[in-house]
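A.B. asks: Got a file for you: my_file-v3.tsv, TSV, C-alpha atoms and all ligand atoms.
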```
chain	number	residue	atom	x	y	z
R	1	MET	CA	3.07	4.72	19.81
R	2	ASN	CA	-0.53	5.49	18.91
R	3	GLU	CA	-2.36	4.47	15.72
R	4	ASP	CA	-1.68	7.71	13.87
R	5	GLN	CA	2.08	7.57	14.42
R	6	THR	CA	2.31	4.04	13.02
R	7	ASN	CA	0.17	4.94	9.97
R	8	PRO	CA	-1.79	1.66	10.06
R	9	MET	CA	-2.93	-0.13	6.94
R	10	ARG	CA	-6.49	0.80	6.08
R	11	LYS	CA	-8.50	-2.34	5.38
R	12	ASN	CA	-10.14	-1.11	2.20
R	13	ILE	CA	-10.14	-2.77	-1.19
R	14	ILE	CA	-9.94	-0.18	-3.94
R	15	LEU	CA	-10.94	-1.23	-7.45
R	16	ILE	CA	-9.34	0.74	-10.26
R	17	GLY	CA	-9.27	0.17	-14.01
R	18	PHE	CA	-10.79	1.17	-17.29
R	19	MET	CA	-14.52	1.69	-17.91
R	20	GLY	CA	-16.34	-1.60	-18.41
R	21	CYS	CA	-13.84	-3.78	-16.52
R	22	GLY	CA	-16.35	-4.71	-13.82
R	23	LYS	CA	-15.34	-2.46	-10.89
R	24	SER	CA	-18.89	-1.69	-9.75
R	25	THR	CA	-20.26	-5.21	-10.30
R	26	ILE	CA	-17.35	-6.94	-8.57
R	27	GLY	CA	-17.34	-4.25	-5.88
R	28	ILE	CA	-20.95	-5.07	-4.93
R	29	LYS	CA	-20.18	-8.80	-4.81
R	30	LEU	CA	-17.08	-8.22	-2.66
R	31	SER	CA	-18.93	-5.93	-0.27
R	32	LYS	CA	-21.59	-8.60	0.26
R	33	SER	CA	-19.18	-11.47	0.71
R	34	LEU	CA	-16.81	-9.59	3.08
R	35	ASN	CA	-19.54	-7.53	4.75
R	36	TYR	CA	-17.67	-4.34	3.85
R	37	THR	CA	-19.45	-1.08	2.99
R	38	MET	CA	-19.41	-0.23	-0.71
R	39	ILE	CA	-18.60	3.21	-2.06
R	40	ASP	CA	-18.83	3.83	-5.79
R	41	THR	CA	-17.06	7.14	-6.40
R	42	ASP	CA	-19.13	7.91	-9.53
R	43	HIS	CA	-22.41	7.32	-7.68
R	44	TYR	CA	-21.20	9.25	-4.66
R	45	ILE	CA	-20.29	12.26	-6.79
R	46	GLU	CA	-23.59	12.06	-8.71
R	47	SER	CA	-25.64	12.10	-5.52
R	48	ARG	CA	-23.54	14.86	-3.95
R	49	GLU	CA	-23.82	17.06	-7.04
R	50	LYS	CA	-27.40	15.99	-7.79
R	51	LEU	CA	-26.31	15.58	-11.43
R	52	THR	CA	-25.46	12.56	-13.57
R	53	ILE	CA	-21.89	12.06	-14.81
R	54	PRO	CA	-22.83	13.15	-18.38
R	55	GLU	CA	-24.47	16.28	-16.90
R	56	ILE	CA	-21.37	17.06	-14.80
R	57	PHE	CA	-19.11	16.69	-17.88
R	58	GLU	CA	-21.50	18.82	-19.92
R	59	ALA	CA	-22.11	21.59	-17.38
R	60	ARG	CA	-18.79	21.75	-15.51
R	61	GLY	CA	-16.26	19.92	-17.72
R	62	GLN	CA	-13.91	17.01	-17.15
R	63	GLU	CA	-11.39	18.93	-15.00
R	64	ALA	CA	-14.12	19.88	-12.51
R	65	PHE	CA	-15.13	16.21	-12.33
R	66	ARG	CA	-11.48	15.27	-11.62
R	67	ASP	CA	-11.45	17.87	-8.80
R	68	MET	CA	-14.53	16.17	-7.34
R	69	GLU	CA	-12.77	12.79	-7.43
R	70	THR	CA	-9.70	14.20	-5.66
R	71	LYS	CA	-11.86	15.91	-3.02
R	72	LEU	CA	-13.68	12.64	-2.28
R	73	LEU	CA	-10.43	10.64	-2.01
R	74	ARG	CA	-8.96	13.25	0.36
R	75	GLU	CA	-12.08	12.99	2.52
R	76	LEU	CA	-11.92	9.18	2.61
R	77	VAL	CA	-8.28	9.37	3.76
R	78	ALA	CA	-8.97	12.15	6.29
R	79	ASN	CA	-11.95	10.23	7.73
R	80	LYS	CA	-9.74	7.16	8.28
R	81	THR	CA	-12.16	5.08	6.21
R	82	THR	CA	-11.70	1.36	6.74
R	83	CYS	CA	-13.50	-1.90	5.83
R	84	HIS	CA	-14.87	-0.42	2.63
R	85	ILE	CA	-14.89	-1.53	-0.98
R	86	ILE	CA	-14.15	1.55	-3.06
R	87	ALA	CA	-15.04	1.25	-6.77
R	88	THR	CA	-13.57	4.16	-8.69
R	89	GLY	CA	-14.15	5.91	-12.01
R	90	GLY	CA	-11.79	4.77	-14.78
R	91	GLY	CA	-9.97	8.10	-15.01
R	92	ILE	CA	-9.26	8.56	-11.30
R	93	ILE	CA	-5.58	7.76	-11.86
R	94	SER	CA	-5.19	10.80	-14.18
R	95	ARG	CA	-4.07	12.93	-11.24
R	96	PRO	CA	-0.76	11.98	-9.57
R	97	GLU	CA	-2.14	13.05	-6.17
R	98	ASN	CA	-4.96	10.53	-6.54
R	99	ILE	CA	-2.51	7.66	-6.99
R	100	ASP	CA	-0.94	8.49	-3.66
R	101	LEU	CA	-4.37	8.85	-2.00
R	102	LEU	CA	-5.58	5.50	-3.43
R	103	ARG	CA	-2.57	3.71	-1.99
R	104	GLN	CA	-3.04	5.36	1.39
R	105	LEU	CA	-6.57	3.95	1.43
R	106	GLY	CA	-5.57	0.29	1.25
R	107	PHE	CA	-5.22	-2.61	-1.18
R	108	VAL	CA	-5.46	-1.36	-4.76
R	109	VAL	CA	-6.68	-3.87	-7.35
R	110	TRP	CA	-6.44	-3.08	-11.08
R	111	LEU	CA	-9.16	-4.78	-13.10
R	112	ASN	CA	-8.27	-5.03	-16.77
R	113	ALA	CA	-10.00	-6.38	-19.90
R	114	ARG	CA	-9.41	-6.58	-23.64
R	115	PRO	CA	-10.49	-3.48	-25.66
R	116	GLU	CA	-13.11	-5.48	-27.62
R	117	ILE	CA	-14.70	-6.66	-24.37
R	118	ILE	CA	-14.63	-3.12	-22.97
R	119	LEU	CA	-16.37	-1.91	-26.15
R	120	GLU	CA	-19.06	-4.55	-25.86
R	121	ARG	CA	-19.71	-3.83	-22.19
R	122	THR	CA	-19.70	-0.04	-22.52
R	123	SER	CA	-21.85	0.15	-25.64
R	124	ARG	CA	-24.89	-1.08	-23.68
R	125	ASN	CA	-25.62	2.42	-22.39
R	126	GLN	CA	-24.67	6.05	-23.00
R	127	ASN	CA	-23.57	7.14	-19.55
R	128	ARG	CA	-19.87	7.46	-20.39
R	129	PRO	CA	-19.27	10.85	-22.01
R	130	LEU	CA	-15.74	10.00	-23.16
R	131	LEU	CA	-17.04	7.14	-25.33
R	132	GLN	CA	-19.89	9.01	-27.05
R	133	VAL	CA	-17.85	9.30	-30.27
R	134	ASP	CA	-17.99	7.83	-33.78
R	135	ASP	CA	-15.20	5.32	-33.17
R	136	PRO	CA	-15.25	4.34	-29.48
R	137	LEU	CA	-12.85	1.40	-30.01
R	138	SER	CA	-10.06	3.78	-31.08
R	139	VAL	CA	-10.70	5.99	-28.06
R	140	ILE	CA	-10.66	2.94	-25.79
R	141	LYS	CA	-7.32	1.78	-27.26
R	142	LYS	CA	-5.78	5.26	-27.05
R	143	LEU	CA	-6.90	5.91	-23.45
R	144	LEU	CA	-5.85	2.40	-22.39
R	145	LYS	CA	-2.37	3.01	-23.78
R	146	GLU	CA	-2.08	6.34	-21.95
R	147	ARG	CA	-3.49	5.03	-18.71
R	148	LYS	CA	-1.85	1.59	-18.37
R	149	PRO	CA	1.34	2.96	-16.75
R	150	LEU	CA	-0.81	4.97	-14.32
R	151	TYR	CA	-2.96	1.98	-13.32
R	152	LYS	CA	0.24	-0.01	-12.94
R	153	SER	CA	1.85	2.54	-10.65
R	154	ALA	CA	-1.28	2.75	-8.46
R	155	ALA	CA	-2.04	-0.98	-8.17
R	156	HIS	CA	-0.80	-3.65	-5.80
R	157	VAL	CA	-2.16	-6.34	-8.16
R	158	LYS	CA	-3.52	-6.56	-11.70
R	159	ILE	CA	-6.31	-8.97	-12.60
R	160	SER	CA	-7.66	-9.66	-16.07
R	161	THR	CA	-11.45	-9.92	-15.95
R	162	SER	CA	-11.89	-11.04	-19.56
R	163	ASP	CA	-11.92	-14.78	-18.94
R	164	LEU	CA	-12.89	-15.17	-15.29
R	165	SER	CA	-16.35	-15.52	-13.75
R	166	GLN	CA	-17.59	-12.99	-11.20
R	167	ARG	CA	-17.33	-15.69	-8.55
R	168	GLU	CA	-13.69	-16.44	-9.45
R	169	LEU	CA	-12.86	-12.74	-9.38
R	170	THR	CA	-14.55	-12.17	-6.03
R	171	LEU	CA	-12.83	-15.14	-4.43
R	172	GLY	CA	-9.44	-14.25	-5.92
R	173	ILE	CA	-9.60	-10.62	-4.79
R	174	SER	CA	-10.79	-11.56	-1.27
R	175	GLU	CA	-7.91	-14.00	-0.87
R	176	SER	CA	-5.30	-11.53	-2.16
R	177	ALA	CA	-6.68	-8.83	0.15
R	178	ARG	CA	-6.55	-11.16	3.16
R	179	TYR	CA	-2.91	-11.93	2.35
R	180	HIS	CA	-2.09	-8.25	1.79
R	181	PHE	CA	-3.74	-7.08	5.01
R	182	GLY	CA	-1.92	-9.81	6.91
R	183	HIS	CA	1.51	-8.78	5.64
R	184	HIS	CA	1.42	-4.96	5.84
H	1	LIG	C1	-14.39	7.81	-16.76
H	1	LIG	C2	-14.95	6.65	-16.26
H	1	LIG	C3	-16.32	6.60	-15.70
H	1	LIG	C4	-16.70	7.96	-15.13
H	1	LIG	C5	-16.52	9.03	-16.18
H	1	LIG	C6	-15.08	9.13	-16.67
H	1	LIG	C7	-13.02	7.77	-17.35
H	1	LIG	O1	-16.39	5.63	-14.66
H	1	LIG	O2	-15.95	8.27	-13.99
H	1	LIG	O3	-17.38	8.74	-17.25
H	1	LIG	O4	-12.41	8.83	-17.52
H	1	LIG	O5	-12.55	6.64	-17.64
H	1	LIG	P1	-16.43	4.02	-14.94
H	1	LIG	O6	-15.01	3.57	-15.09
H	1	LIG	O7	-17.05	3.49	-13.68
H	1	LIG	O8	-17.25	3.80	-16.15
```
What is this file in structure tokens?
Ligand code: S3P
C.D. replies:
Amino acid sequence: MNEDQTNPMRKNIILIGFMGCGKSTIGIKLSKSLNYTMIDTDHYIESREKLTIPEIFEARGQEAFRDMETKLLRELVANKTTCHIIATGGGIISRPENIDLLRQLGFVVWLNARPEIILERTSRNQNRPLLQVDDPLSVIKKLLKERKPLYKSAAHVKISTSDLSQRELTLGISESARYHFGHH
């Protein structure tokens, strides 16, 4: 039987979770320590569209941005991407198709944090259109409630980033991925 017929496990680590939970930061650390290539879906889309995320939301709207995320995930699956760290935008799980695509790509890790910590981390800049509102904490709590079941259904593991150092997170995720890749 050839590779395609056995549908082999792709050795990617996919980081999902809410804005401000450390996906990009931990993704960079993981890519260095494992010598995997890093893809940040937000950055990839920005450079492909030659627009920032706020500009894409403003000019094309959120649904068009979601289409761009789905297109990119389909391409990563079709290209048989492997040995990559894929840091995703916090809303990528909004589309059921994306959940299936994420799991086809490899080991899916859900990074979570407390709403107050998310608020603190995301209030440092204005590059998240969904949080440019009068009461961002309420929006964070509401979106977290809506999205938690979706993150849960996409993820192989959930890790709380609130009380762990970047080093602890990187080591923990690498170990879990090694175990996962060895048993699938
Ligand atoms: C979004 C999260 C952002 C970015 C966009 C929408 C969301 O990514 O994709 O602003 O819907 O949660 P980060 O999670 O990397 O901030």
A.B. asks: Within 10 Å of (-11.3, -6.5, -20.7), all atoms listed in the file: residues as a ChimeraX atom specification?
C.D. replies: /R:17-22,111-121,159-163
A.B. asks: Using only C-alpha atoms and all ligand atoms, which residues have at least one atom no more than 10 Å from ligand LIG 1 (chain H)? Output them as a ChimeraX atom specification.
C.D. replies: /R:15-25,40-43,45,52-54,56-57,62,65-66,69,87-94,122,126-131,140,143-144,147
A.B. asks: Work out how far apart CA of His84 (chain R) and CA of Arg103 (chain R) are and give it in Å to one decimal.
C.D. replies: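 Computing it gives 13.8 Å between the two atoms.
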A.B. asks: Closest to Arg10 (chain R) among R:Ile99, R:Val109, R:Leu76, R:Leu34, using all atoms listed in the file?
C.D. replies: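 Using all atoms listed in the file, Arg10 (chain R) sits closest to R:Leu76.
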A.B. asks: Could you tell me which of R:Leu101, R:Glu55, R:Lys158, R:Lys32 comes closest to Thr81 (chain R) if we count only C-alpha atoms?
C.D. replies: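 Under the stated criterion, the closest residue is R:Leu101.
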A.B. asks: Would you mind putting N, CA, C and O atoms back on region 107-130 of chain R and writing the result as a CSV table (one decimal), in the coordinates of the input?
C.D. replies:
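Heads up, here's the output in out18.csv:
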```
chain,number,residue,atom,x,y,z
R,107,PHE,N,-5.7,-1.6,-0.2
R,107,PHE,CA,-5.2,-2.6,-1.2
R,107,PHE,C,-5.8,-2.2,-2.5
R,107,PHE,O,-7.1,-2.3,-2.7
R,108,VAL,N,-5.0,-1.9,-3.5
R,108,VAL,CA,-5.5,-1.4,-4.8
R,108,VAL,C,-5.4,-2.5,-5.8
R,108,VAL,O,-4.3,-3.0,-6.1
R,109,VAL,N,-6.6,-2.8,-6.4
R,109,VAL,CA,-6.7,-3.9,-7.4
R,109,VAL,C,-7.0,-3.3,-8.7
R,109,VAL,O,-8.0,-2.6,-8.9
R,110,TRP,N,-6.2,-3.6,-9.7
R,110,TRP,CA,-6.4,-3.1,-11.1
R,110,TRP,C,-7.2,-4.2,-11.9
R,110,TRP,O,-6.6,-5.2,-12.1
R,111,LEU,N,-8.4,-3.9,-12.3
R,111,LEU,CA,-9.2,-4.8,-13.1
R,111,LEU,C,-9.0,-4.4,-14.6
R,111,LEU,O,-9.2,-3.2,-14.9
R,112,ASN,N,-8.6,-5.3,-15.4
R,112,ASN,CA,-8.3,-5.0,-16.8
R,112,ASN,C,-9.1,-5.9,-17.7
R,112,ASN,O,-9.6,-7.0,-17.2
R,113,ALA,N,-9.3,-5.5,-18.9
R,113,ALA,CA,-10.0,-6.4,-19.9
R,113,ALA,C,-9.5,-6.0,-21.3
R,113,ALA,O,-8.9,-4.9,-21.5
R,114,ARG,N,-9.8,-6.9,-22.3
R,114,ARG,CA,-9.4,-6.6,-23.6
R,114,ARG,C,-10.3,-5.5,-24.2
R,114,ARG,O,-11.5,-5.4,-23.9
R,115,PRO,N,-9.7,-4.6,-25.1
R,115,PRO,CA,-10.5,-3.5,-25.7
R,115,PRO,C,-11.8,-3.9,-26.3
R,115,PRO,O,-12.8,-3.2,-26.1
R,116,GLU,N,-11.9,-5.0,-27.0
R,116,GLU,CA,-13.1,-5.5,-27.6
R,116,GLU,C,-14.2,-5.8,-26.6
R,116,GLU,O,-15.4,-5.5,-26.8
R,117,ILE,N,-13.7,-6.3,-25.4
R,117,ILE,CA,-14.7,-6.7,-24.4
R,117,ILE,C,-15.2,-5.4,-23.7
R,117,ILE,O,-16.4,-5.2,-23.4
R,118,ILE,N,-14.3,-4.4,-23.5
R,118,ILE,CA,-14.6,-3.1,-23.0
R,118,ILE,C,-15.7,-2.5,-23.9
R,118,ILE,O,-16.7,-1.9,-23.4
R,119,LEU,N,-15.4,-2.5,-25.2
R,119,LEU,CA,-16.4,-1.9,-26.2
R,119,LEU,C,-17.8,-2.5,-26.0
R,119,LEU,O,-18.8,-1.8,-25.9
R,120,GLU,N,-17.8,-3.9,-26.0
R,120,GLU,CA,-19.1,-4.6,-25.9
R,120,GLU,C,-19.8,-4.2,-24.6
R,120,GLU,O,-21.0,-3.8,-24.6
R,121,ARG,N,-19.1,-4.1,-23.5
R,121,ARG,CA,-19.7,-3.8,-22.2
R,121,ARG,C,-20.1,-2.4,-22.1
R,121,ARG,O,-21.2,-2.1,-21.5
R,122,THR,N,-19.4,-1.5,-22.7
R,122,THR,CA,-19.7,0.0,-22.5
R,122,THR,C,-20.7,0.5,-23.5
R,122,THR,O,-21.3,1.5,-23.4
R,123,SER,N,-20.9,-0.3,-24.6
R,123,SER,CA,-21.8,0.2,-25.6
R,123,SER,C,-23.3,-0.1,-25.3
R,123,SER,O,-24.2,0.3,-26.0
R,124,ARG,N,-23.5,-0.8,-24.1
R,124,ARG,CA,-24.9,-1.1,-23.7
R,124,ARG,C,-25.6,0.2,-23.2
R,124,ARG,O,-26.9,0.2,-23.1
R,125,ASN,N,-24.9,1.2,-22.8
R,125,ASN,CA,-25.6,2.4,-22.4
R,125,ASN,C,-24.8,3.6,-22.8
R,125,ASN,O,-23.7,3.5,-23.2
R,126,GLN,N,-25.3,4.8,-22.5
R,126,GLN,CA,-24.7,6.0,-23.0
R,126,GLN,C,-24.2,6.9,-21.8
R,126,GLN,O,-24.2,8.1,-22.0
R,127,ASN,N,-23.9,6.3,-20.7
R,127,ASN,CA,-23.6,7.1,-19.6
R,127,ASN,C,-22.1,7.4,-19.4
R,127,ASN,O,-21.7,7.9,-18.4
R,128,ARG,N,-21.3,7.1,-20.5
R,128,ARG,CA,-19.9,7.5,-20.4
R,128,ARG,C,-19.5,8.5,-21.5
R,128,ARG,O,-19.3,8.2,-22.6
R,129,PRO,N,-19.5,9.8,-21.0
R,129,PRO,CA,-19.3,10.8,-22.0
R,129,PRO,C,-18.1,10.7,-22.9
R,129,PRO,O,-18.1,11.0,-24.1
R,130,LEU,N,-17.0,10.1,-22.4
R,130,LEU,CA,-15.7,10.0,-23.2
R,130,LEU,C,-15.9,9.0,-24.3
R,130,LEU,O,-15.1,9.1,-25.3
```
